[in-house]
>>> print(open('final_13.txt').read())   # compact mmCIF, C-alpha atoms
# COMPACT_ATOMS: atom_id res chain seq x y z
CA MET A 1 -13.39 52.18 -40.00
CA GLY A 2 -12.06 55.65 -39.59
CA ASN A 3 -8.29 55.23 -39.58
CA THR A 4 -5.89 53.96 -42.18
CA PRO A 5 -5.46 50.20 -41.64
CA SER A 6 -2.08 48.67 -40.90
CA ARG A 7 -0.52 46.80 -43.81
CA GLN A 8 0.67 43.22 -43.92
CA CYS A 9 3.98 44.29 -45.48
CA GLU A 10 5.11 45.33 -41.99
CA LEU A 11 5.24 41.64 -41.09
CA GLU A 12 6.08 38.62 -43.16
CA ILE A 13 3.20 36.15 -43.43
CA GLU A 14 3.51 32.70 -44.93
CA GLU A 15 1.27 32.29 -47.98
CA LYS A 16 0.63 29.17 -49.99
CA THR A 17 -1.69 28.53 -52.89
CA VAL A 18 -4.18 25.79 -52.05
CA PHE A 19 -6.60 25.94 -55.01
CA LEU A 20 -5.40 27.64 -58.21
CA THR A 21 -7.87 28.83 -60.85
CA GLY A 22 -7.02 27.71 -64.38
CA LYS A 23 -9.39 25.80 -66.60
CA LYS A 24 -11.57 25.54 -63.51
CA VAL A 25 -12.47 28.26 -61.02
CA TYR A 26 -12.25 27.70 -57.27
CA ARG A 27 -14.40 29.69 -54.88
CA ILE A 28 -16.01 29.67 -51.41
CA PRO A 29 -13.27 28.52 -48.98
CA ALA A 30 -14.00 26.61 -45.77
CA LEU A 31 -11.35 25.56 -43.24
CA PHE A 32 -11.25 23.12 -40.32
CA TYR A 33 -8.38 22.36 -37.94
CA ASP A 34 -8.37 18.78 -36.64
CA ARG A 35 -6.54 18.84 -33.31
CA ASP A 36 -6.37 15.05 -33.08
CA SER A 37 -4.55 14.54 -36.37
CA LYS A 38 -2.99 18.03 -36.31
CA SER A 39 -4.17 18.64 -39.83
CA LEU A 40 -6.03 21.35 -41.69
CA LEU A 41 -8.88 20.40 -44.00
CA ALA A 42 -9.53 22.94 -46.76
CA PHE A 43 -12.74 22.84 -48.80
CA ALA A 44 -13.95 24.81 -51.84
CA GLU A 45 -16.36 24.76 -54.76
CA ARG A 46 -14.96 23.82 -58.17
CA ARG A 47 -16.73 25.71 -60.94
CA LYS A 48 -16.67 25.86 -64.72
CA THR A 49 -16.71 29.67 -64.56
CA ARG A 50 -16.96 32.35 -61.89
CA ALA A 51 -20.77 32.12 -61.97
CA ASP A 52 -22.53 30.57 -58.99
CA THR A 53 -24.64 28.50 -61.37
CA SER A 54 -21.59 26.74 -62.82
CA THR A 55 -20.49 24.88 -59.66
CA GLU A 56 -19.64 21.24 -60.37
CA VAL A 57 -18.35 19.59 -57.17
CA LEU A 58 -16.86 20.24 -53.75
CA VAL A 59 -13.13 19.61 -53.44
CA MET A 60 -10.75 19.30 -50.50
CA LYS A 61 -7.08 19.20 -49.55
CA THR A 62 -5.33 18.27 -46.31
CA GLY A 63 -2.29 19.99 -44.81
CA MET A 64 -0.35 18.58 -41.87
CA VAL A 65 0.58 21.11 -39.18
CA ILE A 66 4.18 20.35 -38.18
CA LYS A 67 4.37 23.33 -35.84
CA ALA A 68 1.69 25.93 -35.24
CA GLU A 69 3.52 28.36 -37.48
CA ASP A 70 4.33 25.83 -40.22
CA THR A 71 2.16 23.65 -42.43
CA HIS A 72 3.53 20.78 -44.47
CA GLU A 73 2.77 20.65 -48.18
CA TRP A 74 -0.90 20.31 -49.00
CA SER A 75 -2.17 16.98 -50.30
CA GLN A 76 -3.37 16.37 -53.81
CA GLN A 77 -6.80 17.76 -54.54
CA LYS A 78 -9.65 15.34 -53.89
CA VAL A 79 -13.21 15.55 -55.15
CA VAL A 80 -15.66 14.95 -52.32
CA GLU A 81 -17.73 12.55 -54.39
CA GLU A 82 -20.14 11.77 -51.55
CA ALA A 83 -21.28 15.43 -51.46
CA LEU A 84 -23.58 15.02 -54.46
CA LEU A 85 -27.24 14.54 -55.25
CA GLU A 86 -28.11 13.53 -58.80
CA GLY A 87 -29.35 16.51 -60.77
CA TYR A 88 -28.09 19.01 -58.19
CA ARG A 89 -24.92 21.04 -57.75
CA PRO A 90 -23.27 21.20 -54.27
CA MET A 91 -22.53 24.65 -52.81
CA ASN A 92 -21.43 26.42 -49.61
CA PRO A 93 -19.21 23.91 -47.77
CA CYS A 94 -19.58 24.39 -44.00
CA PRO A 95 -17.76 21.95 -41.65
CA VAL A 96 -18.67 21.57 -37.97
CA TYR A 97 -16.94 19.17 -35.54
CA GLU A 98 -18.57 17.06 -32.83
CA LYS A 99 -15.83 16.40 -30.26
CA THR A 100 -17.48 13.57 -28.28
CA SER A 101 -17.81 11.21 -31.24
CA LYS A 102 -14.90 12.86 -33.06
CA THR A 103 -17.09 13.30 -36.11
CA LEU A 104 -16.75 16.06 -38.67
CA PHE A 105 -20.02 17.05 -40.33
CA LEU A 106 -19.65 18.72 -43.72
CA PHE A 107 -22.85 20.66 -44.38
CA PHE A 108 -23.63 22.04 -47.83
CA THR A 109 -26.59 22.93 -50.01
CA CYS A 110 -27.59 21.20 -53.22
CA VAL A 111 -29.25 23.38 -55.85
CA GLU A 112 -31.20 21.89 -58.74
CA GLY A 113 -29.46 22.07 -62.11
CA THR A 114 -28.30 25.57 -62.98
CA VAL A 115 -31.12 27.37 -61.17
CA SER A 116 -29.83 30.62 -59.68
CA GLU A 117 -30.55 32.10 -56.27
CA GLN A 118 -32.22 35.10 -57.92
CA TRP A 119 -34.50 32.86 -60.00
CA GLN A 120 -35.69 31.11 -56.83
CA ILE A 121 -36.37 34.44 -55.12
CA ARG A 122 -38.08 35.93 -58.17
CA HIS A 123 -40.35 32.90 -58.65
CA CYS A 124 -40.79 32.15 -54.93
CA CYS A 125 -39.75 28.58 -55.73
CA ASN A 126 -37.16 26.81 -53.58
CA LYS A 127 -34.88 24.48 -55.55
CA THR A 128 -32.31 24.10 -52.72
CA ARG A 129 -31.79 21.12 -50.40
CA LEU A 130 -30.01 20.91 -47.03
CA CYS A 131 -27.43 18.11 -46.88
CA TYR A 132 -24.44 16.81 -44.94
CA ILE A 133 -21.88 14.02 -44.95
CA THR A 134 -19.61 12.92 -42.09
CA THR A 135 -16.08 11.64 -41.55
CA THR A 136 -14.26 10.21 -38.55
CA ASP A 137 -10.86 9.92 -40.23
CA ALA A 138 -10.12 13.52 -41.24
CA GLY A 139 -11.67 13.22 -44.67
CA GLU A 140 -10.04 9.98 -45.78
CA SER A 141 -13.53 8.52 -46.14
CA TRP A 142 -17.03 9.98 -45.95
CA SER A 143 -20.49 8.72 -45.15
CA PRO A 144 -23.27 8.70 -47.73
CA VAL A 145 -25.15 11.97 -48.02
CA THR A 146 -27.95 12.79 -45.55
CA ASP A 147 -30.70 15.05 -46.94
CA LEU A 148 -32.52 16.93 -44.15
CA THR A 149 -34.77 19.01 -46.40
CA ASP A 150 -38.03 17.11 -45.98
CA LEU A 151 -37.54 16.90 -42.20
CA MET A 152 -37.35 20.68 -41.75
CA ALA A 153 -40.78 22.30 -42.03
CA GLU A 154 -39.34 25.81 -42.20
CA ILE A 155 -37.63 25.17 -45.54
CA LYS A 156 -41.01 24.77 -47.25
CA GLN A 157 -41.75 28.43 -46.43
CA TRP A 158 -38.52 29.82 -47.88
CA ALA A 159 -37.73 30.99 -51.42
CA THR A 160 -34.17 29.69 -50.96
CA PHE A 161 -31.42 29.48 -48.35
CA GLY A 162 -27.74 28.78 -47.75
CA VAL A 163 -25.43 27.51 -45.01
CA GLY A 164 -22.39 29.52 -43.93
CA PRO A 165 -20.33 29.45 -45.97
CA GLY A 166 -17.30 28.96 -43.74
CA HIS A 167 -17.54 26.86 -40.59
CA GLY A 168 -19.92 25.95 -37.78
CA ILE A 169 -19.11 25.60 -34.09
CA GLN A 170 -19.67 23.36 -31.09
CA THR A 171 -20.41 25.23 -27.88
CA GLU A 172 -18.97 24.38 -24.47
CA SER A 173 -22.33 22.80 -23.61
CA GLY A 174 -22.00 20.48 -26.62
CA ARG A 175 -24.52 22.12 -28.96
CA LEU A 176 -23.59 22.01 -32.64
CA ILE A 177 -24.39 25.22 -34.53
CA VAL A 178 -24.40 25.68 -38.30
CA PRO A 179 -24.86 29.29 -39.53
CA VAL A 180 -27.69 29.71 -42.04
CA TYR A 181 -29.39 32.48 -43.99
CA ALA A 182 -32.80 32.12 -45.62
CA TYR A 183 -35.16 34.15 -47.79
CA ALA A 184 -38.39 34.15 -45.81
CA PRO A 185 -41.80 35.71 -46.52
CA ASP A 186 -41.83 39.39 -45.66
CA SER A 187 -45.16 40.66 -44.35
CA ARG A 188 -44.22 44.23 -45.29
CA TRP A 189 -44.98 43.44 -48.92
CA CYS A 190 -48.06 42.19 -50.67
CA CYS A 191 -47.98 39.09 -52.83
CA SER A 192 -45.61 40.43 -55.46
CA PRO A 193 -43.16 37.55 -56.14
CA ARG A 194 -40.34 40.01 -56.76
CA ASN A 195 -40.54 41.68 -53.37
CA SER A 196 -42.11 39.21 -50.98
CA TYR A 197 -38.98 37.49 -49.62
CA THR A 198 -36.22 38.96 -47.44
CA PRO A 199 -33.02 37.24 -46.21
CA TYR A 200 -32.39 36.68 -42.51
CA ALA A 201 -29.60 34.87 -40.67
CA LEU A 202 -30.38 32.12 -38.15
CA SER A 203 -28.86 29.02 -36.59
CA LEU A 204 -29.30 25.34 -37.33
CA HIS A 205 -28.45 23.39 -34.18
CA SER A 206 -28.30 19.94 -32.60
CA ASP A 207 -28.17 18.99 -28.92
CA ASP A 208 -27.73 15.25 -29.42
CA ASN A 209 -24.38 15.06 -31.22
CA GLY A 210 -25.94 15.57 -34.64
CA SER A 211 -28.77 13.04 -34.61
CA LYS A 212 -31.56 15.62 -34.83
CA TRP A 213 -31.41 19.19 -36.09
CA HIS A 214 -33.58 22.23 -35.45
CA PHE A 215 -33.67 25.84 -36.68
CA GLY A 216 -33.55 28.77 -34.28
CA LYS A 217 -35.40 32.04 -34.76
CA MET A 218 -34.34 34.45 -37.47
CA LEU A 219 -32.56 37.71 -36.82
CA LYS A 220 -34.92 40.67 -37.06
CA ASN A 221 -32.70 42.72 -39.38
CA GLU A 222 -32.09 41.85 -43.01
CA SER A 223 -28.96 39.68 -43.03
CA LEU A 224 -27.24 37.22 -45.33
CA GLU A 225 -24.18 34.94 -45.20
CA CYS A 226 -23.00 34.65 -41.62
CA GLU A 227 -20.69 32.98 -39.15
CA MET A 228 -21.08 32.52 -35.40
CA ALA A 229 -18.75 32.17 -32.42
CA GLU A 230 -19.13 31.50 -28.71
CA PHE A 231 -17.48 33.72 -26.12
CA SER A 232 -17.77 34.23 -22.38
CA ASP A 233 -17.18 37.16 -20.06
CA GLY A 234 -16.19 35.07 -17.06
CA THR A 235 -19.80 34.59 -15.94
CA ASP A 236 -22.07 33.99 -18.94
CA SER A 237 -21.65 32.53 -22.42
CA PHE A 238 -22.94 34.18 -25.57
CA ILE A 239 -23.23 33.33 -29.26
CA TYR A 240 -22.13 36.22 -31.45
CA CYS A 241 -23.39 36.37 -35.04
CA ASN A 242 -21.71 38.48 -37.72
CA ALA A 243 -23.61 38.63 -41.02
CA ARG A 244 -23.31 40.14 -44.46
CA SER A 245 -25.73 43.00 -44.98
CA LYS A 246 -26.91 45.53 -47.55
CA GLY A 247 -26.88 48.50 -45.21
CA GLY A 248 -23.25 49.66 -45.27
CA HIS A 249 -22.38 48.05 -41.92
CA ARG A 250 -22.13 44.42 -40.86
CA ASP A 251 -25.14 43.04 -39.04
CA GLU A 252 -24.10 42.00 -35.52
CA ALA A 253 -26.23 40.15 -32.97
CA PHE A 254 -25.92 38.29 -29.65
CA SER A 255 -27.70 35.24 -28.30
CA LYS A 256 -27.99 34.44 -24.59
CA ASN A 257 -29.62 31.05 -25.21
CA LYS A 258 -27.10 29.22 -27.40
CA GLY A 259 -28.44 30.57 -30.68
CA ASP A 260 -32.15 29.87 -30.21
CA ASP A 261 -32.75 33.54 -30.92
CA PHE A 262 -30.69 36.72 -31.20
CA TYR A 263 -31.01 40.36 -30.25
CA GLU A 264 -29.62 42.79 -32.77
CA LEU A 265 -26.97 45.39 -32.07
CA SER A 266 -27.08 48.87 -33.55
CA PRO A 267 -24.73 49.49 -36.52
CA GLY A 268 -21.16 49.44 -35.22
CA LYS A 269 -17.63 50.00 -36.49
CA LEU A 270 -17.52 47.08 -38.94
CA VAL A 271 -18.22 48.38 -42.43
CA GLU A 272 -19.76 46.24 -45.17
CA THR A 273 -17.97 46.19 -48.53
CA GLY A 274 -19.83 47.58 -51.56
CA SER A 275 -22.74 45.28 -52.33
CA GLY A 276 -21.55 42.92 -49.60
CA CYS A 277 -19.11 40.08 -49.02
CA GLN A 278 -18.88 37.05 -46.76
CA GLY A 279 -16.66 37.37 -43.67
CA SER A 280 -15.25 34.88 -41.18
CA LEU A 281 -15.25 34.75 -37.40
CA VAL A 282 -13.48 32.70 -34.73
CA SER A 283 -13.26 32.88 -30.94
CA PHE A 284 -10.07 32.00 -29.10
CA PRO A 285 -8.68 31.97 -25.52
CA ALA A 286 -7.75 35.38 -24.14
CA GLN A 287 -4.04 35.92 -24.59
CA SER A 288 -1.54 37.34 -22.10
CA ASP A 289 -1.76 41.11 -22.41
CA ALA A 290 -0.87 43.35 -19.50
CA ALA A 291 -3.15 46.15 -20.67
CA TYR A 292 -6.18 43.88 -20.23
CA ALA A 293 -4.94 41.68 -17.40
CA ASP A 294 -7.37 43.04 -14.80
CA ASN A 295 -10.53 42.21 -16.72
CA ASP A 296 -9.85 39.62 -19.41
CA PRO A 297 -12.86 37.85 -20.92
CA ASN A 298 -12.43 34.11 -21.33
CA LYS A 299 -12.70 34.31 -25.09
CA TRP A 300 -11.81 37.00 -27.62
CA LEU A 301 -12.95 37.32 -31.24
CA LEU A 302 -11.08 37.56 -34.53
CA TYR A 303 -12.91 38.57 -37.71
CA SER A 304 -11.75 38.66 -41.36
CA HIS A 305 -13.30 40.66 -44.21
CA PRO A 306 -12.26 42.94 -47.10
CA SER A 307 -11.52 46.31 -45.48
CA ASN A 308 -12.24 48.48 -48.52
CA LYS A 309 -15.62 50.17 -48.28
CA SER A 310 -16.45 50.02 -51.99
CA LYS A 311 -14.93 46.81 -53.41
CA ARG A 312 -13.50 43.44 -52.44
CA PHE A 313 -10.01 44.64 -51.69
CA ASP A 314 -7.42 44.45 -48.87
CA LEU A 315 -8.49 41.58 -46.62
CA GLY A 316 -8.11 42.61 -42.99
CA VAL A 317 -8.36 40.87 -39.63
CA TYR A 318 -10.05 42.68 -36.76
CA LEU A 319 -9.59 41.93 -33.05
CA ASN A 320 -12.13 42.33 -30.24
CA LYS A 321 -10.92 41.75 -26.67
CA SER A 322 -14.27 42.78 -25.16
CA PRO A 323 -16.80 40.96 -27.36
CA LYS A 324 -19.85 42.30 -25.49
CA ASP A 325 -18.86 45.77 -26.75
CA GLN A 326 -19.24 46.09 -30.51
CA ARG A 327 -17.30 49.36 -30.32
CA ALA A 328 -14.24 47.43 -29.12
CA TRP A 329 -13.29 46.14 -32.58
CA SER A 330 -9.77 47.15 -33.58
CA GLU A 331 -8.80 48.76 -36.84
CA PRO A 332 -7.99 46.10 -39.45
CA TRP A 333 -4.57 44.62 -39.95
CA ILE A 334 -4.34 43.95 -43.71
CA ILE A 335 -3.10 40.41 -44.34
CA ASN A 336 -3.68 40.51 -48.10
CA GLU A 337 -3.29 43.66 -50.15
CA GLY A 338 -5.24 43.88 -53.38
CA PRO A 339 -8.22 41.85 -54.61
CA SER A 340 -9.62 39.77 -51.72
CA GLY A 341 -12.93 37.96 -51.35
CA TYR A 342 -14.37 35.25 -49.15
CA SER A 343 -12.29 33.86 -46.29
CA ASP A 344 -12.43 31.37 -43.43
CA LEU A 345 -10.49 31.49 -40.16
CA ALA A 346 -9.33 28.66 -37.89
CA TYR A 347 -7.60 28.81 -34.51
CA ILE A 348 -4.65 26.41 -34.44
CA ASP A 349 -3.82 26.81 -30.69
CA ASP A 350 -0.94 28.49 -28.87
CA GLY A 351 -1.95 31.89 -30.23
CA TRP A 352 -1.72 30.90 -33.91
CA PHE A 353 -4.36 31.29 -36.61
CA ALA A 354 -4.88 30.06 -40.16
CA CYS A 355 -6.87 31.83 -42.86
CA LEU A 356 -8.08 30.38 -46.16
CA LEU A 357 -8.89 33.22 -48.54
CA GLU A 358 -9.82 34.14 -52.08
CA CYS A 359 -7.24 36.49 -53.57
CA GLY A 360 -5.35 37.49 -56.71
CA LYS A 361 -3.46 40.24 -58.48
CA LYS A 362 -6.25 41.40 -60.80
CA CYS A 363 -9.26 39.49 -59.44
CA GLU A 364 -10.04 37.83 -56.12
CA THR A 365 -11.01 34.55 -57.82
CA GLU A 366 -7.51 33.79 -59.17
CA GLN A 367 -6.71 31.48 -56.27
CA ILE A 368 -7.60 30.33 -52.78
CA ALA A 369 -4.54 30.78 -50.60
CA TYR A 370 -3.57 29.88 -47.05
CA LYS A 371 -1.96 32.22 -44.54
CA VAL A 372 -0.82 31.57 -40.99
CA PHE A 373 -0.08 34.24 -38.37
CA SER A 374 0.14 34.65 -34.61
CA TYR A 375 -1.63 36.79 -32.03
CA SER A 376 1.60 38.66 -31.41
CA GLU A 377 1.73 39.59 -35.10
CA ILE A 378 -1.90 40.72 -35.01
CA LYS A 379 -1.21 42.86 -31.95
CA LYS A 380 1.75 44.52 -33.67
CA GLY A 381 -0.16 44.85 -36.92
CA ILE A 382 -3.11 46.75 -35.50
CA VAL A 383 -0.93 49.32 -33.72
CA LEU A 384 -1.15 52.39 -35.94
>>> encode(input="final_13.txt", output="structure tokens")
Amino acid sequence: MGNTPSRQCELEIEEKTVFLTGKKVYRIPALFYDRDSKSLLAFAERRKTRADTSTEVLVMKTGMVIKAEDTHEWSQQKVVEEALLEGYRPMNPCPVYEKTSKTLFLFFTCVEGTVSEQWQIRHCCNKTRLCYITTTDAGESWSPVTDLTDLMAEIKQWATFGVGPGHGIQTESGRLIVPVYAYAPDSRWCCSPRNSYTPYALSLHSDDNGSKWHFGKMLKNESLECEMAEFSDGTDSFIYCNARSKGGHRDEAFSKNKGDDFYELSPGKLVETGSGCQGSLVSFPAQSDAAYADNDPNKWLLYSHPSNKSKRFDLGVYLNKSPKDQRAWSEPWIINEGPSGYSDLAYIDDGWFACLLECGKKCETEQIAYKVFSYSEIKKGIVL
């Protein structure tokens, strides 16, 4: 982004620690707002160290939303014991809610032992499984784990893959969509194990309330961790995908068929950070704004990501009131100065948002914190 971003110190934002690193390290936040119970469910990986290969379990906490701008104290930390396969470590929590049955699916991957992602890519040997558990009581109890791996033929062709991390969505038509990225065979290379797999984002979706799941087609550009959101322009609905990349700019794509396949957009205003970082995305109802009153889309987009071009620093939120135009992204409003990593956004209603984010004073893995802010604050914050 070309201009100096607005700083969060111009506005006071509530911040609370949800998961604090001490003897254990907490990473990879995922957030879900349950409108029925008016509660926020926060998920994360608990690790022995900062290394991806040291993940032990998934953990969660619940926070009651008293008012949109206020969250009651978070519950005690709970290990999601059902999110386990023997001999595997759970990673990448990714909740998606099915509103008809009022069922929350918690998707995650299970990786064998301490096998790393790079080992799987280097040896062209997938040691990752696709799993989910469900709850109908806001995480008080969970179903046994469902392992989809052997039912999905595509997985057998991949070196490895991941879901999210972050959250999935349910479209207005009822389709459930889980964001996925996978290392697939790349025909540009010969059979060299080191170079024969390339990551691409894609969707995992269900049209029968989560009974059966199918993969969509991969994006054409190299793309990694991603999130997706549905928006409409008053006539048609689209799925927008925003993915981590290695090319200096975020990979952005649209789908006109509910995520079955995507068409890529040319590099836009959203800059990727250094070697890359996960970002979050949420759509929300267009807000009252006289400047856009004549041609408001039905849904706008909010995106969170470290705003620094070279390192994971200064988490910003970006607003797009015309989602079909990738040039319409605002400059970032910085909601966390200093070290900032992965994040996940949720729309609470009435113009209020919640963000679960990795942050710290010296390192972004010192804690996972929670911040709440309103559209009016965002609008003020992005005015330079």
>>> atom_distance(input="final_13.txt", atom1="CA of Tyr318 in chain A", atom2="CA of Tyr303 in chain A")
5.1 Å
>>> residues_around(input="final_13.txt", residues="range 88-90 of chain A", least_positions_apart="4", cutoff="7 Å", atoms="all atoms listed in the file", output="PyMOL selection string")
chain A and resi 55-58+83-84+108-113
>>> write_last_selection(input="final_13.txt", atoms="C-alpha atoms", output="short mmCIF file (atom, residue, chain, number, x, y, z; two decimals), in the frame of the given file")
data_model
loop_
_atom_site.label_atom_id
_atom_site.label_comp_id
_atom_site.auth_asym_id
_atom_site.auth_seq_id
_atom_site.Cartn_x
_atom_site.Cartn_y
_atom_site.Cartn_z
CA THR A 55 -20.49 24.88 -59.66
CA GLU A 56 -19.64 21.24 -60.37
CA VAL A 57 -18.35 19.59 -57.17
CA LEU A 58 -16.86 20.24 -53.75
CA ALA A 83 -21.28 15.43 -51.46
CA LEU A 84 -23.58 15.02 -54.46
CA PHE A 108 -23.63 22.04 -47.83
CA THR A 109 -26.59 22.93 -50.01
CA CYS A 110 -27.59 21.20 -53.22
CA VAL A 111 -29.25 23.38 -55.85
CA GLU A 112 -31.20 21.89 -58.74
CA GLY A 113 -29.46 22.07 -62.11
#
>>> residues_around(input="final_13.txt", residues="Ala153 in chain A", least_positions_apart="2", cutoff="12 Å", atoms="only C-alpha atoms", output="PyMOL selection string")
chain A and resi 130+148-151+155-158+213-215
>>> atom_distance(input="final_13.txt", atom1="CA of Phe32 in chain A", atom2="CA of Lys212 in chain A")
22.3 Å
>>> closest_atom_pairs(input="final_13.txt", of="range 22-87 of chain A", to="range 367-381 of chain A", cutoff="9 Å", atoms="all atoms listed in the file", output="Markdown table")
| residue | atom | partner | partner_atom | distance |
| --- | --- | --- | --- | --- |
| A:Gly22 | CA | A:Gln367 | CA | 8.9 |
| A:Val25 | CA | A:Gln367 | CA | 8.1 |
| A:Tyr26 | CA | A:Gln367 | CA | 6.8 |
| A:Arg27 | CA | A:Ile368 | CA | 7.1 |
| A:Ile28 | CA | A:Ile368 | CA | 8.5 |
| A:Pro29 | CA | A:Ile368 | CA | 7.1 |
| A:Ala44 | CA | A:Ile368 | CA | 8.5 |
| A:Ala68 | CA | A:Val372 | CA | 8.4 |
| A:Glu69 | CA | A:Val372 | CA | 6.4 |
| A:Asp70 | CA | A:Val372 | CA | 7.8 |
| A:Thr71 | CA | A:Val372 | CA | 8.6 |
>>> write_last_selection(input="final_13.txt", atoms="C-alpha atoms", output="short mmCIF file (atom, residue, chain, number, x, y, z; two decimals), keeping the file's coordinate frame")
data_model
loop_
_atom_site.label_atom_id
_atom_site.label_comp_id
_atom_site.auth_asym_id
_atom_site.auth_seq_id
_atom_site.Cartn_x
_atom_site.Cartn_y
_atom_site.Cartn_z
CA GLY A 22 -7.02 27.71 -64.38
CA VAL A 25 -12.47 28.26 -61.02
CA TYR A 26 -12.25 27.70 -57.27
CA ARG A 27 -14.40 29.69 -54.88
CA ILE A 28 -16.01 29.67 -51.41
CA PRO A 29 -13.27 28.52 -48.98
CA ALA A 44 -13.95 24.81 -51.84
CA ALA A 68 1.69 25.93 -35.24
CA GLU A 69 3.52 28.36 -37.48
CA ASP A 70 4.33 25.83 -40.22
CA THR A 71 2.16 23.65 -42.43
#
>>> closest_residue(input="final_13.txt", among="A:Lys324, A:Trp333, A:Glu172, A:Val282", to="Pro306 in chain A", atoms="all atoms listed in the file")
A:Trp333
>>> closest_residue(input="final_13.txt", among="A:Asn320, A:Pro93, A:Ser307, A:Val163", to="Pro332 in chain A", atoms="only C-alpha atoms")
A:Ser307
>>> atom_distance(input="final_13.txt", atom1="CA of Leu40 in chain A", atom2="CA of Thr62 in chain A")
5.6 Å
>>> closest_atom_pairs(input="final_13.txt", of="range 116-184 of chain A", to="range 264-279 of chain A", cutoff="9 Å", atoms="only C-alpha atoms", output="tab-separated table")
residue	atom	partner	partner_atom	distance
A:Gly164	CA	A:Gln278	CA	8.8
A:Pro165	CA	A:Gln278	CA	7.8
A:Gly166	CA	A:Gly279	CA	8.4
>>> closest_residue(input="final_13.txt", among="A:Leu219, A:Cys363, A:Ile348, A:Leu319", to="Ile66 in chain A", atoms="all atoms listed in the file")
A:Ile348
>>> residues_around(input="final_13.txt", residues="Phe262 in chain A", least_positions_apart="2", cutoff="8 Å", atoms="only C-alpha atoms", output="list in words")
Lys217, Met218, Leu219, Ala253, Phe254, Ser255, Lys256, Gly259, Asp260 and Glu264 of chain A
>>> closest_residue(input="final_13.txt", among="A:Ser206, A:Ser283, A:Asn298, A:Ser304", to="Asp236 in chain A", atoms="all atoms listed in the file")
A:Asn298
>>> closest_residue(input="final_13.txt", among="A:Leu106, A:Ile334, A:Thr21, A:Asp207", to="Thr49 in chain A", atoms="all atoms listed in the file")
A:Thr21
>>> closest_residue(input="final_13.txt", among="A:Lys24, A:Cys131, A:Met60, A:Trp142", to="Arg46 in chain A", atoms="only C-alpha atoms")
A:Lys24
>>> residues_near_point(input="final_13.txt", point="(-10.2, 19.8, -36.2)", cutoff="10 Å", atoms="all atoms listed in the file", output="mmCIF file with C-alpha atoms, in the frame of the given file")
data_model
loop_
_atom_site.group_PDB
_atom_site.id
_atom_site.type_symbol
_atom_site.label_atom_id
_atom_site.label_comp_id
_atom_site.auth_asym_id
_atom_site.auth_seq_id
_atom_site.Cartn_x
_atom_site.Cartn_y
_atom_site.Cartn_z
ATOM 1 C CA LEU A 31 -11.350 25.560 -43.240
ATOM 2 C CA PHE A 32 -11.250 23.120 -40.320
ATOM 3 C CA TYR A 33 -8.380 22.360 -37.940
ATOM 4 C CA ASP A 34 -8.370 18.780 -36.640
ATOM 5 C CA ARG A 35 -6.540 18.840 -33.310
ATOM 6 C CA ASP A 36 -6.370 15.050 -33.080
ATOM 7 C CA SER A 37 -4.550 14.540 -36.370
ATOM 8 C CA LYS A 38 -2.990 18.030 -36.310
ATOM 9 C CA SER A 39 -4.170 18.640 -39.830
ATOM 10 C CA LEU A 40 -6.030 21.350 -41.690
ATOM 11 C CA LEU A 41 -8.880 20.400 -44.000
ATOM 12 C CA PRO A 95 -17.760 21.950 -41.650
ATOM 13 C CA VAL A 96 -18.670 21.570 -37.970
ATOM 14 C CA TYR A 97 -16.940 19.170 -35.540
ATOM 15 C CA GLU A 98 -18.570 17.060 -32.830
ATOM 16 C CA LYS A 99 -15.830 16.400 -30.260
ATOM 17 C CA LYS A 102 -14.900 12.860 -33.060
ATOM 18 C CA THR A 103 -17.090 13.300 -36.110
ATOM 19 C CA LEU A 104 -16.750 16.060 -38.670
ATOM 20 C CA ALA A 138 -10.120 13.520 -41.240
ATOM 21 C CA ALA A 346 -9.330 28.660 -37.890
ATOM 22 C CA TYR A 347 -7.600 28.810 -34.510
ATOM 23 C CA ILE A 348 -4.650 26.410 -34.440
#
>>> residues_around(input="final_13.txt", residues="Pro285 in chain A", least_positions_apart="2", cutoff="10 Å", atoms="all atoms listed in the file", output="PyMOL selection string")
chain A and resi 231-232+283+287-288+296-301+347+349-351
>>> write_last_selection(input="final_13.txt", atoms="C-alpha atoms", output="CSV table (one decimal), keeping the file's coordinate frame")
chain,number,residue,atom,x,y,z
A,231,PHE,CA,-17.5,33.7,-26.1
A,232,SER,CA,-17.8,34.2,-22.4
A,283,SER,CA,-13.3,32.9,-30.9
A,287,GLN,CA,-4.0,35.9,-24.6
A,288,SER,CA,-1.5,37.3,-22.1
A,296,ASP,CA,-9.8,39.6,-19.4
A,297,PRO,CA,-12.9,37.8,-20.9
A,298,ASN,CA,-12.4,34.1,-21.3
A,299,LYS,CA,-12.7,34.3,-25.1
A,300,TRP,CA,-11.8,37.0,-27.6
A,301,LEU,CA,-13.0,37.3,-31.2
A,347,TYR,CA,-7.6,28.8,-34.5
A,349,ASP,CA,-3.8,26.8,-30.7
A,350,ASP,CA,-0.9,28.5,-28.9
A,351,GLY,CA,-2.0,31.9,-30.2
